[in-house]
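**Q** Got a structure here, written out as structure tokens. Questions coming.
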Amino acid sequence: MSTAPAEGHRAYLDHAATTPLRPEALEAMLPLLTDGFANPSGAHAESRRARIALDDARDLLAELLGAAPGEIVLTSGGTEADDLAINGGWEAVAAERPDGPPPAVVCTAMEHHAVLRACRSLAARTGAELREVPSGPDGLVDLVVLADACRPDVGLVSVMAVNNEIGTAQPLDEVARIVAEASPRAVLHTDAVQAIPWLDVVEAAGPAGLVSISGHKFGGPKGSGALVVRAGARVRPRIDGGGQERGRRSGTPNVAGAVGTAAALAVTVATRNETVARVTGLRDRLADGLLSSVPGAVETGDRSHRVAGILHLRLAGVESESVVVLLDEAGIAASAGAACSSGAVEPSHVLEAMGLDRREASSGLRFSLGVTTTGQDVDHALARVPGVVDRLRN
């Protein structure tokens, strides 16, 4: 049973943007920020200790992600992992037939900008054809259009595991089947950044040859992530230098970041079932309460296909950016959609990909819950959100 939030209470409901650092991650990182500061590429005792910590973190990440240690490429986060997958993965496929036309690229139109803009930039740079696939009203990729886009000339397909804005989990098994049958040359990439807290990524992202993750989305530190490059998939490096990460990503490794990310992933996996059950109850109570108390509120996407931590509403008659500002004043941290584009007043490309018009695409509000979300946070939102919306409408 929840209790009324105290005066001055703040409800942090923006976990999809970033999560608080888990205590286990902080504890694991601290020794590497002090005594274990050495460069793991060196030959002396201090470097060897750092190297052991890095190797242990890589082994743990590999085990938890269903990969071999050599398939883990450590990156500075999800955006770099996506960039390496899109550009490096495509270039590896293109290099197999250097004299032919550039292979085409396929992605969903609701991808995170880290993928969508990387695909568009790649197409502009190389002349490759880019085919963007829309979503249905349920927030899932249109498999019929995807099947039409996946032809023998395709070199790379990118379909996210979970949408960062509306939280829908995409049918990657079906996607992989289509890609394997229609585009046998293509490597399949999935941005699994939003999936880690809520899904068994070993199973959910298993069909993909390239898988991106980011530590700060599940209680790890910012600036640390990884790209899984499974056997049979290859990437050409985007950063050349000392040849770290088996030549796939040069640069002195962020040892503390990798250790913290591995520790956060370990506790996330160990407690995932319990967390999903608890957060689903909180999310549903928040959704049902707001849908009944805010006239004209519409839930985006099919809840049965959405992960536990994300609730996305469309609020007729108001612009989401204004709602976010007033909610902040009311002690609620929420988002108008993707945090990376917050501050730019423009319609949501995710909602437009679902076929919504510009007015509807400008009215979206995302509440994202996580490990630290409490019943008091939900009560606080239920008490304040209706008044904020009413104030804007009037």
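Following the order of the structure tokens, chains are lettered A, B, ..., residues in each are numbered from 1, and ligands are numbered from 1.
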Tell me which protein, DNA and RNA residues are within 12 Å of A:Gly281, counting only C-alpha atoms, leaving out same-chain ones fewer than 6 positions away, and put them as a list in words.

**A**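 Residues near the query, excluding close chain neighbours: Met1, Glu274, Thr275, Ala287, Asp288, Val307, Ala308, Gly309, Ile310, Leu311, Leu369, Gly370, Thr373, Thr374, Gly375 and Val378 of chain A.
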
**Q** Neighbouring residues of A:Ala334 were defined as those with any atom within 12 Å, considering only C-alpha atoms; residues of the same chain fewer than 4 positions away were excluded. Please report them as JSON, numbers by chain.

**A** {"A": [10, 11, 12, 13, 14, 15, 16, 17, 18, 165, 310, 311, 312, 313, 320, 321, 322, 323, 324, 325, 326, 327, 328, 329, 330, 338, 339, 342, 364, 365, 366, 367, 368, 369, 377, 381, 385]}

**Q** Could the residues in this selection be written to a file with C-alpha atoms, as a short mmCIF file (atom, residue, chain, number, x, y, z; two decimals), in the first residue's frame?

**A**
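As written to disk, selection11.cif reads:
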```cif
data_model
loop_
_atom_site.label_atom_id
_atom_site.label_comp_id
_atom_site.auth_asym_id
_atom_site.auth_seq_id
_atom_site.Cartn_x
_atom_site.Cartn_y
_atom_site.Cartn_z
CA ARG A 10 9.97 14.71 -6.53
CA ALA A 11 8.98 11.79 -8.71
CA TYR A 12 11.71 10.80 -11.14
CA LEU A 13 9.80 9.22 -14.04
CA ASP A 14 12.44 9.51 -16.77
CA HIS A 15 14.34 6.24 -16.38
CA ALA A 16 14.33 5.65 -20.14
CA ALA A 17 16.56 8.74 -20.43
CA THR A 18 18.97 7.58 -17.76
CA GLU A 165 9.76 6.50 -26.76
CA ILE A 310 7.32 2.90 -20.23
CA LEU A 311 3.96 4.64 -20.37
CA HIS A 312 3.33 6.94 -23.33
CA LEU A 313 0.24 9.14 -23.53
CA SER A 320 4.15 18.01 -24.74
CA GLU A 321 7.09 20.36 -24.19
CA SER A 322 4.87 22.72 -22.18
CA VAL A 323 3.57 19.83 -20.10
CA VAL A 324 7.11 18.73 -19.29
CA VAL A 325 8.06 22.21 -18.05
CA LEU A 326 5.03 22.50 -15.76
CA LEU A 327 5.44 18.94 -14.50
CA ASP A 328 8.99 19.78 -13.51
CA GLU A 329 7.66 22.70 -11.48
CA ALA A 330 5.20 20.27 -9.89
CA ALA A 338 13.35 10.78 -26.60
CA ALA A 339 15.58 12.61 -24.14
CA SER A 342 14.18 17.05 -25.70
CA GLY A 364 3.13 12.87 -26.61
CA LEU A 365 4.26 12.51 -23.00
CA ARG A 366 6.49 9.69 -21.75
CA PHE A 367 6.61 8.49 -18.17
CA SER A 368 9.35 5.90 -17.67
CA LEU A 369 9.67 3.92 -14.46
CA ASP A 377 6.01 8.53 -7.10
CA ALA A 381 1.97 11.95 -10.57
CA VAL A 385 -0.70 15.65 -13.79
#
```

**Q** Mind listing the strand (DSSP E or B) residues of stretch 76-170 of chain A, per DSSP on the backbone, as a ChimeraX atom specification?

**A** /A:104-108,130-133,135,141,154-158,162,168-169

**Q** When you count only C-alpha atoms, which of these residues is closest to A:Arg272: A:Ala231, A:Ala45, A:Val201, A:Val388?

**A** A:Val201

**Q** Would you list the contacts of A:Ser158 as an MDAnalysis selection string, taking every protein, DNA or RNA residue within 6 Å and counting only C-alpha atoms, but skipping same-chain residues closer than 5 positions in sequence?

**A** chainID A and resid 107 188:190

**Q** If you run DSSP on the backbone, which residues of stretch 134-253 of chain A are helix (DSSP H, G or I), as a ChimeraX atom specification?

**A** /A:143-149,172-182,201-204,215-217,245-247

**Q** For those residues, write N, CA and C atoms to a file as a compact mmCIF listing (two decimals), in the first residue's frame.

**A**
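So out.txt came out as:
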```txt
# COMPACT_ATOMS: atom_id res chain seq x y z
N LEU A 143 5.56 -5.52 -40.78
CA LEU A 143 6.33 -6.63 -41.34
C LEU A 143 6.09 -6.81 -42.84
N VAL A 144 4.93 -6.42 -43.32
CA VAL A 144 4.66 -6.52 -44.75
C VAL A 144 5.56 -5.56 -45.53
N VAL A 145 5.64 -4.33 -45.04
CA VAL A 145 6.51 -3.35 -45.70
C VAL A 145 7.98 -3.76 -45.54
N LEU A 146 8.33 -4.28 -44.36
CA LEU A 146 9.70 -4.74 -44.15
C LEU A 146 10.07 -5.83 -45.15
N ALA A 147 9.16 -6.77 -45.35
CA ALA A 147 9.44 -7.86 -46.29
C ALA A 147 9.65 -7.33 -47.71
N ASP A 148 8.91 -6.28 -48.07
CA ASP A 148 9.08 -5.69 -49.39
C ASP A 148 10.41 -4.95 -49.50
N ALA A 149 10.85 -4.34 -48.39
CA ALA A 149 12.11 -3.58 -48.40
C ALA A 149 13.33 -4.49 -48.40
N LEU A 172 11.54 -9.42 -33.17
CA LEU A 172 12.82 -9.66 -33.84
C LEU A 172 12.93 -11.05 -34.45
N ASP A 173 12.23 -12.04 -33.88
CA ASP A 173 12.26 -13.37 -34.49
C ASP A 173 11.70 -13.32 -35.91
N GLU A 174 10.56 -12.62 -36.07
CA GLU A 174 9.96 -12.50 -37.39
C GLU A 174 10.84 -11.65 -38.31
N VAL A 175 11.41 -10.60 -37.76
CA VAL A 175 12.30 -9.75 -38.54
C VAL A 175 13.48 -10.57 -39.07
N ALA A 176 14.09 -11.36 -38.18
CA ALA A 176 15.25 -12.17 -38.57
C ALA A 176 14.89 -13.18 -39.65
N ARG A 177 13.70 -13.76 -39.54
CA ARG A 177 13.27 -14.73 -40.56
C ARG A 177 13.14 -14.05 -41.93
N ILE A 178 12.55 -12.86 -41.94
CA ILE A 178 12.39 -12.13 -43.20
C ILE A 178 13.75 -11.79 -43.79
N VAL A 179 14.65 -11.29 -42.94
CA VAL A 179 15.98 -10.89 -43.42
C VAL A 179 16.73 -12.09 -43.98
N ALA A 180 16.69 -13.21 -43.25
CA ALA A 180 17.42 -14.40 -43.69
C ALA A 180 16.91 -14.90 -45.04
N GLU A 181 15.61 -14.83 -45.25
CA GLU A 181 15.02 -15.35 -46.50
C GLU A 181 15.19 -14.39 -47.67
N ALA A 182 15.02 -13.09 -47.39
CA ALA A 182 14.97 -12.13 -48.49
C ALA A 182 16.28 -11.40 -48.73
N VAL A 201 17.61 -10.40 -22.87
CA VAL A 201 18.20 -9.97 -24.13
C VAL A 201 18.89 -11.14 -24.84
N VAL A 202 19.34 -12.14 -24.09
CA VAL A 202 19.92 -13.31 -24.74
C VAL A 202 18.91 -13.91 -25.71
N GLU A 203 17.64 -13.96 -25.28
CA GLU A 203 16.58 -14.51 -26.13
C GLU A 203 16.05 -13.46 -27.09
N ALA A 204 15.75 -12.25 -26.57
CA ALA A 204 15.09 -11.24 -27.39
C ALA A 204 15.96 -10.76 -28.54
N GLY A 215 25.33 1.24 -20.74
CA GLY A 215 25.31 0.99 -19.31
C GLY A 215 24.37 1.86 -18.52
N HIS A 216 24.26 3.14 -18.86
CA HIS A 216 23.49 4.04 -18.00
C HIS A 216 21.98 3.85 -18.11
N LYS A 217 21.54 2.96 -19.00
CA LYS A 217 20.11 2.67 -19.09
C LYS A 217 19.68 1.59 -18.11
N GLU A 245 40.41 -3.72 -28.70
CA GLU A 245 39.17 -4.41 -29.07
C GLU A 245 39.32 -5.20 -30.36
N ARG A 246 40.48 -5.90 -30.46
CA ARG A 246 40.78 -6.72 -31.64
C ARG A 246 40.76 -5.90 -32.93
N GLY A 247 41.18 -4.65 -32.80
CA GLY A 247 41.27 -3.76 -33.94
C GLY A 247 39.95 -3.16 -34.36
```

**Q** Residues at most 9 Å from A:Ala104, counting only C-alpha atoms, excluding those fewer than 4 positions away in the same chain, as a list in words?

**A**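 Result of the neighbour search: Trp90, Ala123, Gly127, Ala128, Glu129, Leu130, Arg131, Cys150, Arg151, Asp153, Val154, Gly155, Leu156 and Val157 of chain A.
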
**Q** With N, CA and C atoms retained, export the selected residues as an mmCIF file, in the first residue's frame.

**A**
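Final output, result.cif:
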```cif
data_model
loop_
_atom_site.group_PDB
_atom_site.id
_atom_site.type_symbol
_atom_site.label_atom_id
_atom_site.label_comp_id
_atom_site.auth_asym_id
_atom_site.auth_seq_id
_atom_site.Cartn_x
_atom_site.Cartn_y
_atom_site.Cartn_z
ATOM 1 N N TRP A 90 27.919 -2.198 -42.220
ATOM 2 C CA TRP A 90 27.632 -2.024 -43.647
ATOM 3 C C TRP A 90 28.914 -2.076 -44.469
ATOM 4 N N ALA A 123 23.813 6.680 -46.036
ATOM 5 C CA ALA A 123 23.245 6.716 -47.385
ATOM 6 C C ALA A 123 23.724 7.938 -48.160
ATOM 7 N N GLY A 127 25.948 6.798 -51.216
ATOM 8 C CA GLY A 127 25.023 6.595 -52.311
ATOM 9 C C GLY A 127 24.160 5.361 -52.162
ATOM 10 N N ALA A 128 24.258 4.690 -51.017
ATOM 11 C CA ALA A 128 23.428 3.513 -50.776
ATOM 12 C C ALA A 128 21.964 3.927 -50.638
ATOM 13 N N GLU A 129 21.066 3.111 -51.123
ATOM 14 C CA GLU A 129 19.642 3.393 -50.960
ATOM 15 C C GLU A 129 19.223 3.066 -49.539
ATOM 16 N N LEU A 130 18.475 3.972 -48.913
ATOM 17 C CA LEU A 130 17.951 3.766 -47.562
ATOM 18 C C LEU A 130 16.444 3.555 -47.650
ATOM 19 N N ARG A 131 15.972 2.466 -47.077
ATOM 20 C CA ARG A 131 14.536 2.169 -47.044
ATOM 21 C C ARG A 131 14.074 2.182 -45.588
ATOM 22 N N CYS A 150 13.191 -5.691 -47.837
ATOM 23 C CA CYS A 150 14.333 -6.608 -47.743
ATOM 24 C C CYS A 150 14.451 -7.419 -49.030
ATOM 25 N N ARG A 151 15.394 -6.997 -49.853
ATOM 26 C CA ARG A 151 15.641 -7.643 -51.140
ATOM 27 C C ARG A 151 17.086 -8.145 -51.166
ATOM 28 N N ASP A 153 19.616 -7.087 -52.547
ATOM 29 C CA ASP A 153 20.650 -6.055 -52.597
ATOM 30 C C ASP A 153 20.933 -5.418 -51.240
ATOM 31 N N VAL A 154 20.238 -5.839 -50.178
ATOM 32 C CA VAL A 154 20.373 -5.205 -48.865
ATOM 33 C C VAL A 154 21.613 -5.728 -48.143
ATOM 34 N N GLY A 155 22.374 -4.794 -47.554
ATOM 35 C CA GLY A 155 23.580 -5.174 -46.821
ATOM 36 C C GLY A 155 23.438 -5.109 -45.319
ATOM 37 N N LEU A 156 22.516 -4.272 -44.839
ATOM 38 C CA LEU A 156 22.333 -4.128 -43.397
ATOM 39 C C LEU A 156 20.883 -3.790 -43.094
ATOM 40 N N VAL A 157 20.344 -4.430 -42.047
ATOM 41 C CA VAL A 157 18.992 -4.148 -41.557
ATOM 42 C C VAL A 157 19.099 -3.835 -40.072
#
```

**Q** Rounded to one decimal in Å, what is the spacing between atom CA of A:Ser348 and atom CA of A:Val115?

**A** 15.4 Å

**Q** Between atom CA of A:Asp83 and atom CA of A:Gly243, what distance in Å does the model show, to one decimal?

**A**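 According to the coordinates, atom CA of A:Asp83 and atom CA of A:Gly243 are separated by 18.1 Å.
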